[in-house]
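Visitor: Provided herewith is a single structure, encoded as structure tokens, for subsequent inquiry.
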Amino acid sequence: MPLEPLRVLITNDDGYLAPGIRALAPAIAGLGYDVLVVAPLLDESGVGSARAGMVDRPIRTVTEEEHGVTFIGIEGTPALAVTLGFVGAFGPPPDLVLSGINRGLNIGVTIFHSGTVAAALTAAELGLSAVAVSIDSDDPAFWPTAATVAGEALGWIEDEPAGTVVTLNVPDRPLEQLAGVRHASLAVPKRTRLIGTTAPTGEPMVTIERTNATPDPGTDEALLREGFVTVTPIVGIREVRDDTAATALAKRLTR
């Protein structure tokens, strides 16, 4: 008797109408997976792991079909989409989670702000393995490249221990023009700097300015510039098993 196909929940933070998820979902369905798409109604970029809207109110949803795939938009965040899928709000819970394709890169230690990456980490919190995939362009021309890479990563991660998470960044170029695949460390932010200034109305303000700093070798930022697909395994919040801080605080409170 043939095995049931694995059920994959696909989400993103750009919204259920975004071209990235519309390119990704049919590609994954074409690989034989049972695809469930649940994503925000609107752009929820940069929301991290927020799950606002879960308590004491109904969550509005919109459903539509495209290329044989059902796309469900929810009034909420990517992490909320994963949570709702996990508890069976839209049928059987998923076996795996795939988040993306995010429009624009997600690199460096600041990825904890990313709704795309947070969706994958939320899956891990729930005991599911997940892939987050982003493409290195704000106006991508080669969505199929990132979709192909995501599909291969999904095929790998399905056999890994539950809770495994990788974040991928894919150059926006034809598949045959990729330089290869590399493990990448997370870059320390150098691409932007904060500058204090004054608004025309006189109030103090801060602006974010891009820099031309050279990224450190071996980081996701550097390797992506060289045309490599970057792969970075990540974990969520983990405690440090060290009571130094508690001991110090106890001493300070009793002196």
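By convention in this document, the chains of the structure tokens carry letters A, B, ... by their order, each chain's residues are numbered from 1, and ligands are numbered from 1 in the order they are shown.
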Against range 230-236 of chain A, which residues of range 99-126 of chain A fall within 8 Å? For each one I want the closest pair of atoms and the distance in Å (one decimal), counting only C-alpha atoms, rows by chain and increasing residue number, as CSV.
Guide:
```
residue,atom,partner,partner_atom,distance
A:Leu121,CA,A:Gly236,CA,6.0
A:Ala124,CA,A:Gly236,CA,7.9
A:Glu125,CA,A:Gly236,CA,7.7
```
Visitor: Take the selection from the previous step and output its residues with N, CA and C atoms, as a compact mmCIF listing (two decimals), in the first residue's frame.
Guide:
```txt
# COMPACT_ATOMS: atom_id res chain seq x y z
N LEU A 121 11.11 28.86 12.67
CA LEU A 121 11.47 28.61 14.07
C LEU A 121 10.23 28.26 14.90
N ALA A 124 9.66 24.65 14.46
CA ALA A 124 10.58 23.86 15.28
C ALA A 124 10.10 23.81 16.73
N GLU A 125 9.58 24.93 17.22
CA GLU A 125 9.04 24.98 18.58
C GLU A 125 7.92 23.97 18.75
```
Visitor: Mind checking which residues fall within 12 Å of Leu84 in chain A, counting only C-alpha atoms, ignoring those fewer than 2 positions away in the same chain, and posting them as a PyMOL selection string?
Guide: chain A and resi 9+11+36-40+51+53-54+59+61+72-82+86-94+119+122-123+126
Visitor: Generate the output file for the selected residues, C-alpha atoms, as a short mmCIF file (atom, residue, chain, number, x, y, z; two decimals), in the first residue's frame.
Guide:
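After the write, result05.cif holds the following:
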```cif
data_model
loop_
_atom_site.label_atom_id
_atom_site.label_comp_id
_atom_site.auth_asym_id
_atom_site.auth_seq_id
_atom_site.Cartn_x
_atom_site.Cartn_y
_atom_site.Cartn_z
CA LEU A 9 2.49 23.88 5.19
CA THR A 11 3.68 30.27 4.51
CA LEU A 36 -1.32 23.45 2.51
CA VAL A 37 -0.82 27.19 1.98
CA VAL A 38 -1.63 29.44 4.93
CA ALA A 39 -0.15 32.94 4.88
CA PRO A 40 -0.96 36.48 5.99
CA ARG A 51 1.25 35.74 17.05
CA GLY A 53 -4.82 37.80 17.23
CA MET A 54 -4.89 34.33 18.78
CA ILE A 59 -9.44 35.27 12.73
CA THR A 61 -9.65 34.08 6.42
CA ILE A 72 -5.59 30.55 2.50
CA GLY A 73 -5.00 34.10 3.65
CA ILE A 74 -5.36 34.83 7.36
CA GLU A 75 -5.62 38.06 9.28
CA GLY A 76 -2.42 37.43 11.21
CA THR A 77 1.28 36.74 11.09
CA PRO A 78 3.41 33.92 9.63
CA ALA A 79 3.96 32.42 13.09
CA LEU A 80 0.21 32.44 13.63
CA ALA A 81 -0.28 30.71 10.28
CA VAL A 82 2.06 27.90 11.34
CA PHE A 86 -0.37 22.76 13.47
CA VAL A 87 -3.54 22.62 15.58
CA GLY A 88 -5.57 21.44 12.60
CA ALA A 89 -7.51 24.60 11.80
CA PHE A 90 -7.29 23.81 8.07
CA GLY A 91 -7.39 20.03 7.99
CA PRO A 92 -4.73 17.51 9.00
CA PRO A 93 -1.64 19.12 10.59
CA PRO A 94 1.51 19.35 8.46
CA ALA A 119 7.72 30.97 10.86
CA THR A 122 7.85 28.48 15.23
CA ALA A 123 7.53 25.17 13.41
CA LEU A 126 6.08 22.77 17.67
#
```
Visitor: Neighbouring residues of range 115-118 of chain A were defined as those with any atom within 9 Å, considering only C-alpha atoms; residues of the same chain fewer than 3 positions away were excluded. Please report them as a PyMOL selection string.
Guide: chain A and resi 11-14+44-50+77-79+99-102+106+111-112+121-123+131-134+166-167+236
Visitor: Hey, can you spit out that residue selection with N, CA and C atoms as a CSV table (one decimal), in the first residue's frame?
Guide:
```csv
chain,number,residue,atom,x,y,z
A,11,THR,N,4.1,29.0,4.1
A,11,THR,CA,3.7,30.3,4.5
A,11,THR,C,4.7,31.3,4.1
A,12,ASN,N,4.5,32.5,4.4
A,12,ASN,CA,5.5,33.6,4.1
A,12,ASN,C,5.2,34.8,5.0
A,13,ASP,N,5.9,35.9,4.8
A,13,ASP,CA,5.6,37.1,5.5
A,13,ASP,C,5.2,38.3,4.5
A,14,ASP,N,5.2,37.9,3.2
A,14,ASP,CA,4.9,39.0,2.2
A,14,ASP,C,3.4,39.0,1.8
A,44,GLU,N,3.4,41.1,6.1
A,44,GLU,CA,3.7,41.1,7.6
A,44,GLU,C,5.2,41.0,7.7
A,45,SER,N,6.0,41.6,6.8
A,45,SER,CA,7.4,41.6,6.9
A,45,SER,C,8.0,42.2,8.2
A,46,GLY,N,9.0,41.6,8.8
A,46,GLY,CA,9.6,42.1,10.0
A,46,GLY,C,8.9,41.9,11.3
A,47,VAL,N,7.9,41.1,11.3
A,47,VAL,CA,7.1,40.9,12.5
A,47,VAL,C,7.7,39.9,13.5
A,48,GLY,N,8.8,39.2,13.0
A,48,GLY,CA,9.4,38.2,13.9
A,48,GLY,C,8.4,37.1,14.2
A,49,SER,N,8.4,36.6,15.4
A,49,SER,CA,7.5,35.5,15.8
A,49,SER,C,6.2,35.9,16.5
A,50,ALA,N,5.8,37.2,16.2
A,50,ALA,CA,4.5,37.6,16.8
A,50,ALA,C,3.4,36.7,16.4
A,77,THR,N,-0.1,36.8,11.4
A,77,THR,CA,1.3,36.7,11.1
A,77,THR,C,1.7,35.4,10.6
A,78,PRO,N,2.9,35.2,10.1
A,78,PRO,CA,3.4,33.9,9.6
A,78,PRO,C,3.5,32.9,10.8
A,79,ALA,N,3.9,33.3,11.9
A,79,ALA,CA,4.0,32.4,13.1
A,79,ALA,C,2.6,31.9,13.5
A,99,SER,N,8.8,28.1,4.4
A,99,SER,CA,8.5,29.5,4.5
A,99,SER,C,9.2,30.3,3.4
A,100,GLY,N,8.4,31.0,2.6
A,100,GLY,CA,9.0,31.8,1.5
A,100,GLY,C,8.1,31.7,0.3
A,101,ILE,N,8.6,32.0,-0.9
A,101,ILE,CA,10.0,32.6,-1.1
A,101,ILE,C,9.9,34.1,-0.7
A,102,ASN,N,10.8,34.5,0.2
A,102,ASN,CA,10.8,35.9,0.6
A,102,ASN,C,11.4,36.8,-0.4
A,106,ASN,N,17.5,37.5,3.5
A,106,ASN,CA,17.4,37.4,4.9
A,106,ASN,C,18.7,36.9,5.4
A,111,ILE,N,18.3,38.3,11.4
A,111,ILE,CA,17.2,37.5,10.9
A,111,ILE,C,16.1,37.2,11.9
A,112,PHE,N,16.4,37.4,13.2
A,112,PHE,CA,15.3,37.2,14.2
A,112,PHE,C,14.1,38.2,14.0
A,121,LEU,N,11.1,28.9,12.7
A,121,LEU,CA,11.5,28.6,14.1
A,121,LEU,C,10.2,28.3,14.9
A,122,THR,N,9.1,28.8,14.6
A,122,THR,CA,7.8,28.5,15.2
A,122,THR,C,7.5,27.0,15.0
A,123,ALA,N,7.7,26.6,13.7
A,123,ALA,CA,7.5,25.2,13.4
A,123,ALA,C,8.4,24.3,14.3
A,131,VAL,N,12.1,24.8,6.5
A,131,VAL,CA,13.0,25.5,5.6
A,131,VAL,C,12.5,26.9,5.4
A,132,ALA,N,13.3,27.9,5.6
A,132,ALA,CA,13.0,29.3,5.2
A,132,ALA,C,13.8,29.6,4.0
A,133,VAL,N,13.2,30.2,3.0
A,133,VAL,CA,13.9,30.5,1.7
A,133,VAL,C,13.7,31.9,1.3
A,134,SER,N,14.8,32.6,0.9
A,134,SER,CA,14.7,34.0,0.5
A,134,SER,C,15.5,34.2,-0.8
A,166,VAL,N,16.6,25.1,8.6
A,166,VAL,CA,17.7,25.8,7.8
A,166,VAL,C,17.1,27.0,7.2
A,167,THR,N,17.9,28.1,7.1
A,167,THR,CA,17.5,29.3,6.3
A,167,THR,C,18.4,29.3,5.1
A,236,GLY,N,16.2,28.1,17.8
A,236,GLY,CA,15.5,29.2,18.4
A,236,GLY,C,16.1,29.5,19.8
```
Visitor: In Å, with one decimal, what is the gap from CA of Phe142 in chain A to CA of Gly85 in chain A?
Guide: 28.8 Å
Visitor: May I have the residues within 9 Å of Gly180 in chain A as a VMD selection string, using only C-alpha atoms and disregarding those fewer than 5 positions away in the same chain?
Guide: chain A and resid 227 to 230
Visitor: Next, write the just-selected residues to a file, as a CSV table (one decimal), in the first residue's frame, keeping C-alpha atoms as the atom set.
Guide:
```csv
chain,number,residue,atom,x,y,z
A,227,GLY,CA,26.7,33.8,-6.3
A,228,PHE,CA,26.3,30.9,-3.9
A,229,VAL,CA,23.2,29.6,-2.3
A,230,THR,CA,23.8,30.0,1.4
```
Visitor: Quick one: residues within 12 Å of Pro19 in chain A, only C-alpha atoms counted, chain neighbours fewer than 3 positions away excluded, as JSON, numbers by chain?
Guide: {"A": [12, 13, 14, 15, 16, 22, 23, 24, 25, 26, 66, 100, 101, 102, 103, 135, 138, 139, 140, 141, 142, 143, 144, 147]}
Visitor: Identify, with DSSP run on backbone atoms, the residues in range 29-254 of chain A assigned to strand (DSSP E), and express the list as a PyMOL selection string.
Guide: chain A and resi 34-40+61-66+69-74+96-103+129-135+165-170+180-183+192-198+204-210+228-233
Visitor: If you run DSSP on the backbone here, which positions in range 43-193 of chain A get helix (DSSP H, G or I)? Please write them as JSON, numbers by chain.
Guide: {"A": [78, 79, 80, 81, 82, 83, 84, 85, 86, 109, 110, 111, 112, 113, 115, 116, 117, 118, 119, 120, 121, 122, 123, 124, 125, 143, 144, 145, 146, 147, 148, 149, 150, 151, 152, 153, 154, 155, 156, 157, 175, 176, 177]}
Visitor: Could you write out that same residue set with C-alpha atoms as a PDB file, in the first residue's frame?
Guide:
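Result went into result39.pdb, see below:
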```pdb
ATOM      1  CA  PRO A  78       3.412  33.917   9.630  1.00  0.00           C
ATOM      2  CA  ALA A  79       3.964  32.416  13.089  1.00  0.00           C
ATOM      3  CA  LEU A  80       0.209  32.442  13.632  1.00  0.00           C
ATOM      4  CA  ALA A  81      -0.282  30.706  10.278  1.00  0.00           C
ATOM      5  CA  VAL A  82       2.061  27.900  11.338  1.00  0.00           C
ATOM      6  CA  THR A  83       0.353  27.589  14.710  1.00  0.00           C
ATOM      7  CA  LEU A  84      -3.119  27.390  13.185  1.00  0.00           C
ATOM      8  CA  GLY A  85      -1.966  24.783  10.709  1.00  0.00           C
ATOM      9  CA  PHE A  86      -0.369  22.756  13.469  1.00  0.00           C
ATOM     10  CA  VAL A 109      22.190  37.933  12.948  1.00  0.00           C
ATOM     11  CA  THR A 110      19.247  40.292  12.451  1.00  0.00           C
ATOM     12  CA  ILE A 111      17.160  37.509  10.877  1.00  0.00           C
ATOM     13  CA  PHE A 112      15.300  37.189  14.186  1.00  0.00           C
ATOM     14  CA  HIS A 113      13.257  40.180  12.922  1.00  0.00           C
ATOM     15  CA  GLY A 115       8.671  36.839   9.731  1.00  0.00           C
ATOM     16  CA  THR A 116       9.888  34.332   7.128  1.00  0.00           C
ATOM     17  CA  VAL A 117      12.553  32.889   9.413  1.00  0.00           C
ATOM     18  CA  ALA A 118      10.353  33.152  12.520  1.00  0.00           C
ATOM     19  CA  ALA A 119       7.719  30.971  10.861  1.00  0.00           C
ATOM     20  CA  ALA A 120      10.325  28.226  10.456  1.00  0.00           C
ATOM     21  CA  LEU A 121      11.465  28.606  14.069  1.00  0.00           C
ATOM     22  CA  THR A 122       7.849  28.480  15.226  1.00  0.00           C
ATOM     23  CA  ALA A 123       7.530  25.165  13.413  1.00  0.00           C
ATOM     24  CA  ALA A 124      10.578  23.859  15.285  1.00  0.00           C
ATOM     25  CA  GLU A 125       9.043  24.982  18.580  1.00  0.00           C
ATOM     26  CA  TRP A 143      11.544  32.748  -8.798  1.00  0.00           C
ATOM     27  CA  PRO A 144      11.798  29.195 -10.253  1.00  0.00           C
ATOM     28  CA  THR A 145      15.456  29.008  -9.189  1.00  0.00           C
ATOM     29  CA  ALA A 146      14.582  29.626  -5.549  1.00  0.00           C
ATOM     30  CA  ALA A 147      11.602  27.258  -5.789  1.00  0.00           C
ATOM     31  CA  THR A 148      13.834  24.478  -7.123  1.00  0.00           C
ATOM     32  CA  VAL A 149      16.393  25.002  -4.361  1.00  0.00           C
ATOM     33  CA  ALA A 150      13.614  25.016  -1.737  1.00  0.00           C
ATOM     34  CA  GLY A 151      12.202  21.762  -3.078  1.00  0.00           C
ATOM     35  CA  GLU A 152      15.577  20.036  -2.850  1.00  0.00           C
ATOM     36  CA  ALA A 153      16.109  21.345   0.677  1.00  0.00           C
ATOM     37  CA  LEU A 154      12.681  20.053   1.654  1.00  0.00           C
ATOM     38  CA  GLY A 155      13.571  16.613   0.308  1.00  0.00           C
ATOM     39  CA  TRP A 156      16.667  16.594   2.493  1.00  0.00           C
ATOM     40  CA  ILE A 157      15.113  17.903   5.677  1.00  0.00           C
ATOM     41  CA  LEU A 175      19.689  27.761 -11.876  1.00  0.00           C
ATOM     42  CA  GLU A 176      22.630  26.865 -14.104  1.00  0.00           C
ATOM     43  CA  GLN A 177      24.368  30.136 -13.208  1.00  0.00           C
TER      44      GLN A 177
END
```
